[in-house]
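**Q** Sending over query-v3.cif (mmCIF, C-alpha atoms and all ligand atoms).
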data_structure
#
loop_
_atom_site.label_atom_id
_atom_site.label_comp_id
_atom_site.auth_asym_id
_atom_site.auth_seq_id
_atom_site.Cartn_x
_atom_site.Cartn_y
_atom_site.Cartn_z
CA MET A 1 30.74 -26.12 -32.50
CA ASN A 2 28.89 -29.23 -33.46
CA TYR A 3 27.11 -27.81 -36.45
CA PRO A 4 25.38 -30.96 -37.75
CA GLN A 5 23.59 -31.25 -34.43
CA LEU A 6 22.41 -27.63 -34.60
CA VAL A 7 21.32 -28.01 -38.22
CA GLU A 8 19.27 -30.98 -37.14
CA LEU A 9 17.61 -28.94 -34.39
CA ASP A 10 16.64 -26.37 -37.04
CA GLU A 11 15.27 -29.08 -39.31
CA ARG A 12 13.05 -30.37 -36.53
CA ASP A 13 11.93 -26.88 -35.44
CA PRO A 14 8.15 -26.46 -35.90
CA LEU A 15 8.64 -22.68 -36.19
CA ALA A 16 11.45 -22.87 -38.75
CA SER A 17 9.35 -21.70 -41.69
CA LYS A 18 8.44 -18.45 -39.90
CA ARG A 19 11.91 -17.09 -40.60
CA GLN A 20 11.00 -16.77 -44.29
CA GLU A 21 8.37 -14.20 -43.37
CA PHE A 22 11.06 -11.76 -42.23
CA SER A 23 13.43 -9.59 -44.16
CA LEU A 24 16.81 -10.25 -42.54
CA PRO A 25 20.23 -9.32 -43.92
CA HIS A 26 22.14 -12.50 -44.84
CA ASP A 27 25.32 -11.50 -43.06
CA THR A 28 23.61 -10.68 -39.78
CA ILE A 29 22.60 -12.64 -36.70
CA TYR A 30 19.95 -10.57 -35.01
CA LEU A 31 19.85 -10.93 -31.23
CA ASP A 32 18.11 -7.64 -30.56
CA GLY A 33 14.51 -8.37 -31.46
CA ASN A 34 13.69 -7.53 -27.84
CA SER A 35 14.59 -3.91 -28.60
CA LEU A 36 13.41 -3.57 -32.20
CA GLY A 37 11.74 -6.52 -33.87
CA ALA A 38 12.80 -7.45 -37.41
CA LEU A 39 10.82 -6.39 -40.48
CA PRO A 40 8.17 -8.85 -41.70
CA TYR A 41 7.84 -8.79 -45.51
CA ALA A 42 4.10 -8.37 -45.12
CA VAL A 43 4.69 -5.01 -43.42
CA ALA A 44 6.63 -3.61 -46.35
CA ALA A 45 3.94 -4.72 -48.81
CA ARG A 46 1.16 -3.37 -46.64
CA VAL A 47 2.68 0.04 -46.02
CA GLN A 48 3.46 0.39 -49.71
CA GLY A 49 -0.18 -0.41 -50.51
CA VAL A 50 -1.46 2.05 -47.93
CA LEU A 51 0.73 4.76 -49.42
CA ASN A 52 -0.10 4.05 -53.05
CA GLN A 53 -3.74 3.13 -52.93
CA GLN A 54 -5.25 4.20 -49.62
CA TRP A 55 -3.60 7.52 -48.92
CA GLY A 56 -2.46 8.13 -52.49
CA LYS A 57 -5.75 7.47 -54.30
CA ASP A 58 -8.58 7.09 -51.81
CA LEU A 59 -7.38 9.96 -49.66
CA ILE A 60 -9.69 10.87 -46.79
CA LYS A 61 -12.32 8.33 -47.88
CA SER A 62 -9.97 5.70 -46.48
CA TRP A 63 -11.08 6.37 -42.90
CA ASN A 64 -14.28 4.54 -43.84
CA LYS A 65 -13.39 2.64 -47.00
CA HIS A 66 -10.29 1.02 -45.51
CA GLN A 67 -11.53 1.14 -41.90
CA TRP A 68 -8.64 3.27 -40.69
CA ILE A 69 -10.88 4.44 -37.87
CA ASP A 70 -11.21 0.87 -36.56
CA LEU A 71 -7.49 0.08 -36.51
CA PRO A 72 -6.89 0.86 -32.79
CA SER A 73 -9.58 -1.57 -31.66
CA GLN A 74 -9.03 -4.12 -34.41
CA ILE A 75 -5.28 -4.28 -33.66
CA GLY A 76 -6.12 -4.31 -29.96
CA GLU A 77 -8.14 -7.49 -30.51
CA GLN A 78 -5.26 -9.18 -32.30
CA ILE A 79 -2.92 -8.34 -29.44
CA ALA A 80 -5.59 -9.50 -26.96
CA GLY A 81 -5.29 -12.97 -28.48
CA LEU A 82 -1.58 -13.03 -27.63
CA ILE A 83 -1.95 -11.89 -24.02
CA GLY A 84 -4.91 -13.91 -22.81
CA ALA A 85 -7.52 -11.16 -22.95
CA ALA A 86 -11.12 -11.71 -24.02
CA PRO A 87 -12.43 -9.21 -26.62
CA GLY A 88 -13.20 -5.61 -25.73
CA GLN A 89 -10.38 -4.98 -23.27
CA VAL A 90 -7.33 -4.05 -25.36
CA ILE A 91 -6.73 -1.01 -27.53
CA CYS A 92 -3.73 0.00 -29.60
CA CYS A 93 -2.61 3.60 -29.24
CA ASP A 94 0.14 6.05 -28.30
CA SER A 95 3.38 4.95 -26.66
CA THR A 96 3.89 2.70 -23.66
CA SER A 97 4.87 5.72 -21.56
CA ILE A 98 1.66 7.60 -22.39
CA ASN A 99 -0.46 4.52 -21.86
CA LEU A 100 1.14 4.11 -18.45
CA PHE A 101 0.11 7.65 -17.60
CA LYS A 102 -3.47 6.86 -18.56
CA VAL A 103 -3.84 3.57 -16.72
CA LEU A 104 -1.95 4.76 -13.64
CA SER A 105 -4.25 7.77 -13.43
CA SER A 106 -7.28 5.48 -13.73
CA ALA A 107 -6.02 3.13 -11.07
CA LEU A 108 -5.12 5.94 -8.67
CA SER A 109 -8.52 7.57 -9.01
CA MET A 110 -10.16 4.26 -8.09
CA GLN A 111 -8.22 4.17 -4.81
CA SER A 112 -9.39 7.34 -3.12
CA HIS A 113 -7.83 6.72 0.30
CA ARG A 114 -4.49 5.40 -0.87
CA LYS A 115 -1.70 7.16 -2.73
CA ILE A 116 1.35 4.89 -2.99
CA VAL A 117 2.48 3.44 -6.31
CA LEU A 118 4.81 0.54 -5.57
CA SER A 119 7.28 -0.68 -8.18
CA GLN A 120 10.54 -2.52 -8.56
CA ASN A 121 13.64 -0.27 -8.30
CA SER A 122 15.09 -2.04 -11.33
CA ASN A 123 12.07 -1.19 -13.49
CA PHE A 124 12.59 0.37 -16.92
CA PRO A 125 13.23 4.06 -16.27
CA THR A 126 10.30 5.45 -18.27
CA ASP A 127 7.84 3.57 -16.07
CA LEU A 128 9.27 5.23 -12.97
CA TYR A 129 9.70 8.60 -14.66
CA MET A 130 6.00 8.58 -15.54
CA VAL A 131 5.08 8.05 -11.89
CA GLU A 132 7.46 10.86 -10.93
CA GLY A 133 5.64 13.05 -13.44
CA LEU A 134 2.32 12.16 -11.85
CA VAL A 135 3.71 13.06 -8.44
CA THR A 136 4.71 16.50 -9.74
CA PHE A 137 1.44 16.91 -11.62
CA LEU A 138 -1.02 15.75 -8.96
CA GLY A 139 1.04 16.71 -5.93
CA GLU A 140 2.76 14.70 -3.22
CA GLN A 141 -0.40 14.66 -1.16
CA HIS A 142 -2.04 12.52 -3.88
CA VAL A 143 0.72 10.26 -5.25
CA GLU A 144 3.89 8.78 -3.85
CA LEU A 145 6.34 6.44 -5.55
CA GLN A 146 7.79 3.64 -3.46
CA LEU A 147 10.50 1.35 -4.79
CA VAL A 148 11.70 -2.04 -3.61
CA ASP A 149 14.04 -4.77 -4.80
CA GLU A 150 12.38 -7.32 -7.03
CA GLN A 151 12.85 -9.98 -4.32
CA GLN A 152 10.99 -7.80 -1.81
CA ILE A 153 7.80 -7.13 -3.75
CA GLU A 154 5.65 -9.68 -1.99
CA GLN A 155 6.68 -8.59 1.51
CA ALA A 156 6.16 -4.93 0.63
CA LEU A 157 2.45 -5.32 -0.20
CA ASN A 158 0.24 -3.64 2.38
CA GLU A 159 -3.03 -1.77 2.71
CA ASP A 160 -1.46 1.65 2.18
CA ILE A 161 -0.55 0.83 -1.39
CA ALA A 162 -2.88 2.00 -4.11
CA VAL A 163 -1.24 0.57 -7.20
CA LEU A 164 1.39 -2.06 -7.84
CA MET A 165 3.11 -1.30 -11.14
CA LEU A 166 5.46 -4.01 -12.36
CA THR A 167 7.23 -4.96 -15.55
CA GLN A 168 6.76 -8.66 -16.10
CA VAL A 169 10.21 -9.27 -17.62
CA ASN A 170 13.05 -7.11 -16.35
CA PHE A 171 14.65 -5.26 -19.26
CA ARG A 172 18.19 -5.79 -17.96
CA SER A 173 18.25 -9.16 -16.25
CA GLY A 174 15.40 -10.84 -18.10
CA LYS A 175 13.90 -11.99 -14.79
CA LEU A 176 10.28 -13.07 -15.23
CA LEU A 177 7.90 -12.28 -12.38
CA ASP A 178 5.05 -14.57 -11.34
CA MET A 179 2.08 -12.57 -12.60
CA GLN A 180 -0.60 -14.82 -11.19
CA LYS A 181 0.81 -15.09 -7.69
CA ILE A 182 1.80 -11.44 -7.29
CA THR A 183 -1.53 -10.19 -8.65
CA ARG A 184 -3.39 -12.46 -6.23
CA LEU A 185 -1.32 -11.32 -3.24
CA ALA A 186 -1.80 -7.66 -4.21
CA HIS A 187 -5.55 -8.07 -4.57
CA ALA A 188 -5.71 -9.63 -1.13
CA LYS A 189 -4.51 -6.24 0.20
CA GLY A 190 -6.90 -4.24 -1.98
CA ILE A 191 -4.15 -3.12 -4.37
CA LEU A 192 -4.80 -2.60 -8.10
CA VAL A 193 -2.14 -4.06 -10.38
CA VAL A 194 -0.66 -2.62 -13.58
CA TRP A 195 1.61 -4.92 -15.58
CA ASP A 196 4.01 -3.67 -18.23
CA LEU A 197 4.35 -6.35 -20.91
CA ALA A 198 7.02 -4.56 -22.99
CA HIS A 199 9.42 -7.49 -22.82
CA SER A 200 6.86 -10.28 -22.65
CA ALA A 201 4.08 -9.66 -25.20
CA GLY A 202 4.90 -11.77 -28.25
CA ALA A 203 7.69 -13.54 -26.38
CA LEU A 204 5.79 -15.87 -24.05
CA PRO A 205 2.22 -16.96 -23.26
CA ILE A 206 0.44 -14.43 -21.05
CA GLU A 207 -2.94 -14.89 -19.36
CA LEU A 208 -4.17 -11.46 -18.26
CA ASP A 209 -7.78 -12.52 -17.73
CA ALA A 210 -6.92 -15.74 -15.93
CA CYS A 211 -4.50 -13.84 -13.66
CA GLU A 212 -7.23 -11.25 -12.96
CA VAL A 213 -4.90 -8.41 -13.88
CA ASP A 214 -6.46 -4.94 -13.57
CA PHE A 215 -4.49 -2.96 -16.14
CA ALA A 216 -1.63 -3.66 -18.53
CA VAL A 217 0.41 -1.81 -21.12
CA GLY A 218 2.90 -3.03 -23.70
CA CYS A 219 5.06 -2.20 -26.61
CA GLY A 220 4.46 -2.67 -30.36
CA TYR A 221 8.01 -2.50 -31.67
CA LYS A 222 9.75 -5.21 -29.64
CA TYR A 223 8.56 -8.83 -29.96
CA LEU A 224 5.48 -7.72 -31.91
CA ASN A 225 7.68 -6.43 -34.76
CA GLY A 226 5.55 -3.35 -35.49
CA GLY A 227 8.53 -1.21 -36.53
CA PRO A 228 10.43 1.68 -34.96
CA GLY A 229 8.16 3.71 -32.70
CA ALA A 230 5.17 1.43 -33.41
CA PRO A 231 2.05 2.24 -31.40
CA ALA A 232 1.76 0.59 -28.03
CA PHE A 233 -1.29 -1.02 -26.39
CA LEU A 234 -3.18 -1.05 -23.15
CA TYR A 235 -5.55 -3.44 -21.38
CA VAL A 236 -8.30 -2.58 -18.93
CA ALA A 237 -10.15 -5.49 -17.31
CA GLN A 238 -13.83 -5.58 -18.24
CA ARG A 239 -14.92 -5.49 -14.59
CA HIS A 240 -13.49 -1.96 -14.27
CA HIS A 241 -15.02 -0.51 -17.43
CA ALA A 242 -18.04 1.07 -15.75
CA GLU A 243 -15.86 2.83 -13.21
CA VAL A 244 -12.68 3.93 -14.97
CA GLN A 245 -11.80 7.35 -16.29
CA GLN A 246 -8.58 8.68 -17.72
CA PRO A 247 -7.30 12.24 -17.93
CA LEU A 248 -6.13 12.56 -21.56
CA THR A 249 -9.67 13.20 -22.79
CA GLY A 250 -9.08 13.84 -26.47
CA TRP A 251 -11.76 13.66 -29.11
CA MET A 252 -10.94 10.12 -30.25
CA GLY A 253 -11.90 8.84 -26.81
CA HIS A 254 -15.24 10.70 -26.98
CA SER A 255 -18.40 8.63 -27.31
CA ASN A 256 -19.19 10.37 -30.60
CA PRO A 257 -16.21 12.27 -31.97
CA PHE A 258 -17.89 13.31 -35.20
CA LYS A 259 -20.78 15.02 -33.46
CA PHE A 260 -18.29 17.70 -32.43
CA GLU A 261 -20.32 18.34 -29.31
CA ALA A 262 -19.50 20.74 -26.54
CA GLY A 263 -18.38 18.76 -23.49
CA TYR A 264 -16.47 15.51 -23.20
CA GLN A 265 -18.42 12.26 -22.97
CA PRO A 266 -16.17 9.22 -22.72
CA ALA A 267 -16.70 6.34 -25.12
CA LYS A 268 -17.82 3.09 -23.52
CA GLY A 269 -15.18 0.63 -22.41
CA VAL A 270 -11.57 0.64 -23.41
CA ALA A 271 -12.21 2.97 -26.39
CA GLN A 272 -12.19 5.91 -23.98
CA TYR A 273 -8.43 5.41 -23.69
CA LEU A 274 -7.89 6.80 -27.18
CA THR A 275 -6.76 10.40 -27.21
CA GLY A 276 -5.90 11.85 -30.62
CA THR A 277 -5.90 10.68 -34.23
CA PRO A 278 -4.14 7.31 -34.61
CA ALA A 279 -0.86 7.21 -36.60
CA ILE A 280 -2.30 5.23 -39.51
CA LEU A 281 0.94 4.34 -41.29
CA SER A 282 2.39 2.91 -38.09
CA MET A 283 -0.88 1.22 -37.21
CA CYS A 284 -0.98 -0.49 -40.61
CA ALA A 285 2.61 -1.67 -40.16
CA LEU A 286 1.80 -3.18 -36.77
CA ASP A 287 -1.41 -4.73 -38.10
CA ALA A 288 0.52 -6.50 -40.87
CA ALA A 289 3.25 -7.55 -38.43
CA LEU A 290 0.69 -9.18 -36.14
CA ALA A 291 -0.57 -11.35 -38.99
CA VAL A 292 2.72 -13.26 -38.62
CA PHE A 293 1.39 -14.52 -35.27
CA ALA A 294 -1.97 -15.65 -36.66
CA ASP A 295 -0.98 -19.33 -36.88
CA VAL A 296 1.59 -19.29 -34.10
CA ASP A 297 1.11 -21.08 -30.80
CA MET A 298 2.73 -18.98 -28.05
CA HIS A 299 3.62 -22.18 -26.15
CA GLN A 300 5.73 -23.26 -29.12
CA VAL A 301 7.38 -19.84 -29.12
CA ARG A 302 8.17 -20.24 -25.43
CA THR A 303 9.53 -23.75 -25.86
CA LYS A 304 11.89 -22.63 -28.61
CA SER A 305 12.90 -19.49 -26.74
CA ILE A 306 13.97 -21.62 -23.79
CA ALA A 307 15.77 -24.10 -26.04
CA LEU A 308 17.72 -21.29 -27.75
CA SER A 309 18.75 -19.63 -24.51
CA GLU A 310 19.67 -22.92 -22.85
CA LEU A 311 21.80 -23.79 -25.88
CA PHE A 312 23.46 -20.40 -25.63
CA ILE A 313 24.40 -20.93 -21.97
CA GLU A 314 25.52 -24.50 -22.57
CA LEU A 315 27.82 -23.55 -25.47
CA LEU A 316 29.14 -20.49 -23.67
CA GLU A 317 30.05 -22.52 -20.60
CA ARG A 318 32.11 -24.86 -22.77
CA GLN A 319 34.47 -22.02 -23.77
CA PRO A 320 37.06 -21.33 -21.05
CA GLY A 321 37.80 -17.96 -22.70
CA LEU A 322 34.25 -16.79 -21.97
CA SER A 323 34.32 -17.40 -18.22
CA GLU A 324 34.57 -13.66 -17.53
CA LEU A 325 31.05 -13.18 -18.82
CA THR A 326 28.84 -13.43 -15.76
CA LEU A 327 25.23 -14.46 -16.28
CA ILE A 328 22.91 -12.10 -14.40
CA SER A 329 19.71 -13.62 -15.78
CA PRO A 330 18.06 -16.35 -13.71
CA ARG A 331 19.70 -19.70 -14.49
CA ASP A 332 16.29 -21.37 -14.25
CA ALA A 333 14.65 -20.84 -17.65
CA SER A 334 11.16 -20.83 -16.13
CA CYS A 335 12.11 -17.61 -14.28
CA ARG A 336 13.41 -15.84 -17.40
CA GLY A 337 11.85 -13.99 -20.28
CA SER A 338 13.33 -14.39 -23.75
CA GLN A 339 16.75 -12.85 -23.21
CA LEU A 340 20.06 -13.44 -21.50
CA ALA A 341 22.16 -10.77 -19.87
CA PHE A 342 25.80 -10.99 -18.89
CA THR A 343 28.02 -8.51 -17.14
CA HIS A 344 31.57 -7.88 -18.25
CA PRO A 345 33.82 -4.89 -17.48
CA HIS A 346 34.15 -4.31 -21.23
CA ALA A 347 30.57 -5.12 -22.17
CA HIS A 348 30.21 -2.04 -24.36
CA ALA A 349 33.35 -2.73 -26.42
CA ILE A 350 32.41 -6.42 -26.77
CA CYS A 351 28.99 -5.41 -28.05
CA GLN A 352 30.55 -3.05 -30.61
CA ALA A 353 32.96 -5.75 -31.77
CA LEU A 354 30.08 -8.24 -32.09
CA ILE A 355 28.08 -5.80 -34.19
CA ASP A 356 31.15 -5.30 -36.37
CA ARG A 357 31.13 -9.08 -37.03
CA GLY A 358 27.45 -9.12 -37.88
CA VAL A 359 26.10 -10.25 -34.51
CA ILE A 360 23.68 -7.64 -33.23
CA ALA A 361 23.31 -7.75 -29.46
CA ASP A 362 22.92 -4.73 -27.24
CA PHE A 363 24.56 -3.02 -24.34
CA ARG A 364 22.76 -1.65 -21.31
CA ALA A 365 24.63 0.70 -19.02
CA PRO A 366 26.68 0.27 -16.97
CA ASN A 367 28.12 -3.12 -17.93
CA VAL A 368 25.45 -5.42 -19.33
CA LEU A 369 25.62 -7.32 -22.59
CA ARG A 370 22.16 -8.43 -23.62
CA PHE A 371 21.09 -11.11 -26.12
CA GLY A 372 17.44 -11.35 -27.13
CA PHE A 373 15.96 -14.57 -28.51
CA THR A 374 13.16 -14.20 -31.00
CA PRO A 375 12.02 -17.71 -31.88
CA LEU A 376 10.16 -16.66 -35.03
CA TYR A 377 13.33 -15.80 -36.90
CA LEU A 378 16.33 -17.14 -34.99
CA ARG A 379 17.90 -20.50 -35.75
CA TYR A 380 19.88 -22.85 -33.55
CA VAL A 381 22.85 -22.49 -35.93
CA ASP A 382 22.79 -18.75 -35.23
CA ILE A 383 23.44 -19.48 -31.57
CA GLY A 384 26.38 -21.73 -32.42
CA ARG A 385 27.90 -19.12 -34.70
CA THR A 386 27.39 -16.36 -32.11
CA ILE A 387 29.29 -18.26 -29.45
CA GLU A 388 32.09 -18.93 -31.92
CA ILE A 389 32.40 -15.24 -32.76
CA LEU A 390 32.09 -14.21 -29.12
CA ASP A 391 34.87 -16.61 -28.22
CA GLU A 392 37.16 -15.14 -30.89
CA LEU A 393 36.46 -11.58 -29.77
CA VAL A 394 36.71 -12.13 -26.04
CA GLY A 395 39.32 -14.90 -25.97
CA GLY A 396 41.51 -12.95 -28.40
CA GLU A 397 40.74 -9.63 -26.64
CA ILE A 398 39.89 -8.16 -30.04
CA TYR A 399 37.32 -5.94 -28.36
CA ARG A 400 40.22 -3.91 -26.91
CA GLN A 401 40.88 -2.31 -30.30
CA ALA A 402 40.44 1.45 -30.32
CA GLN A 403 37.50 1.52 -32.75
CA TYR A 404 35.28 -0.32 -30.27
CA LYS A 405 35.60 2.40 -27.63
CA LEU A 406 33.31 4.91 -29.30
CA LYS A 407 29.91 5.37 -27.63
CA GLN A 408 27.06 6.53 -29.82
CA LYS A 409 23.90 8.37 -28.86
CA VAL A 410 21.71 5.26 -28.89
CA THR A 411 23.14 2.10 -27.31
C1 LIG A 501 10.65 -0.61 -24.14
C2 LIG A 501 9.96 -0.29 -22.88
C3 LIG A 501 9.14 0.84 -22.79
C4 LIG A 501 9.05 1.78 -23.96
O1 LIG A 501 8.25 2.88 -23.73
P1 LIG A 501 7.88 3.84 -24.95
O2 LIG A 501 7.07 4.88 -24.34
O3 LIG A 501 7.11 3.01 -25.95
O4 LIG A 501 9.16 4.34 -25.54
C5 LIG A 501 8.45 1.06 -21.61
N1 LIG A 501 8.57 0.20 -20.56
C6 LIG A 501 9.35 -0.88 -20.62
C7 LIG A 501 9.42 -1.81 -19.47
C8 LIG A 501 10.08 -1.15 -21.78
O5 LIG A 501 10.86 -2.22 -21.84
#
If you took the structure in this file and wrote it as structure tokens, what would it be?

**A**
Amino acid sequence: MNYPQLVELDERDPLASKRQEFSLPHDTIYLDGNSLGALPYAVAARVQGVLNQQWGKDLIKSWNKHQWIDLPSQIGEQIAGLIGAAPGQVICCDSTSINLFKVLSSALSMQSHRKIVLSQNSNFPTDLYMVEGLVTFLGEQHVELQLVDEQQIEQALNEDIAVLMLTQVNFRSGKLLDMQKITRLAHAKGILVVWDLAHSAGALPIELDACEVDFAVGCGYKYLNGGPGAPAFLYVAQRHHAEVQQPLTGWMGHSNPFKFEAGYQPAKGVAQYLTGTPAILSMCALDAALAVFADVDMHQVRTKSIALSELFIELLERQPGLSELTLISPRDASCRGSQLAFTHPHAHAICQALIDRGVIADFRAPNVLRFGFTPLYLRYVDIGRTIEILDELVGGEIYRQAQYKLKQKVT
């Protein structure tokens, strides 16, 4: 590896100083920020403060004194700034799966004469499972799930389809869909569009308003670094606010929860998508994590993400011993999210061996080795070192050792 050249790239990197805002073990190269973002120091300090002072001393007064009650909308507004949404359309709550249930229900009830939810067959399973759940819950006469290959989405749009539900960046391949074009084509057929931003929010610039997206959901613990099981978010376009309703009508989505009235009255706008009491500790963690993005230009993040992944491919292709790793991500960086995926018959063992050497990648069944690039805390030298280690492990077939065969519960 030509280290001086990589060191120079790091020295010229406008995002280089961001790495100091994260707590990262010195002996680890972390290429899995697309699954669980790293811990920002500010999160640790914030959560400690919330425990000691807010919960510990101010107790229940904190709902007002420390504005706990406003966290879902206040965090929603911070996320809105990262995904091209004007104020008042994003709220932070629940998990991505539950938020999908809410927005899918809203979208379906706006399409009274249509019942098909169209999605990509390679979508993240929970997205499809949630539609299956809706089919069971509402009945086959009201909802039907239809799946197509990612390449066939545009041709499959027709006037029988109620909702197009797509994940912008494919969790396995990293393929990035054209949000603007697909949304426009769907609208031309009267279809409402739900985008899942789990692998794109915080990784690349997104323009929900400009693309005229109807609904979106996304994840707080991946590129947004909110911590394990961080609350998710959802977006509902302003133009739908007067019309939408959602079925999980808990008291926090009521127009006046502390009146304790008989009968549900939805809050105005996106606030009606709240259900129960927000998980304050997790909300505070995500709030502090988002502060890391306050001075970050998402175009710079994208530029570095592409540079890191292109460097990865370039260095990998120079190693004859790595030719058995087959790139399944688009070779054109403009069609990729912030990850690279390779297939290999021994992908799982290679991943275990990498982790053993301090390079944390991940494995996705059946045979995919996935590397996530998080420009806020990854360096160019990390890419060089990763390829070196990968070459040792694969070229030397070290991954064949017995200890790398064990499969754990979470991969
Ligand atoms: C990570 C991910 C999720 C996660 O859903 P949770 O309910 O938050 O566990 C959902 N959809 C996609 C596309 C994902 O990548």

**Q** Residues contacting ligand LIG 501 (chain A) - anything with an atom at most 6 Å away, using only C-alpha atoms and all ligand atoms - can you give me those as a list in words?

**A**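 Listed by chain and ascending number, the contacts are Ser95, Thr96, Ser97, Phe124, Thr126, Asp127, Thr167, Phe171, Asp196, Ala198, His199 and Cys219 of chain A.
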
**Q** Measuring atom to atom with only C-alpha atoms, identify which of A:Leu145, A:Ile398, A:Leu24, A:Ile206 is nearest to Pro40 of chain A.

**A**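 Distance minimum relative to Pro40 of chain A lands on A:Leu24.
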
**Q** Write out as a list in words which residues come within 12 Å of Arg331 of chain A when counting all atoms listed in the file, dropping same-chain ones fewer than 5 positions away.

**A** Ser173, Gly174, Lys175, Leu176, Ile306, Ser309, Glu310, Phe312, Ile313, Glu314, Thr326, Arg336, Gly337, Gln339, Leu340, Ala341 and Phe342 of chain A

**Q** For atom CA of Lys304 of chain A and atom CA of Arg184 of chain A, determine how far apart the two atoms are, in Å to one decimal place.

**A**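 Separation of atom CA of Lys304 of chain A and atom CA of Arg184 of chain A: 28.9 Å.
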
**Q** List every protein, DNA or RNA residue with an atom no more than 10 Å from (15.0, -27.2, -35.1) in the file's coordinates, counting all atoms listed in the file, and format the result as a list in words.

**A** Gln5, Leu6, Val7, Glu8, Leu9, Asp10, Glu11, Arg12, Asp13, Pro14, Leu15, Ala16, Lys304, Ala307, Leu308, Arg379, Tyr380 and Val381 of chain A
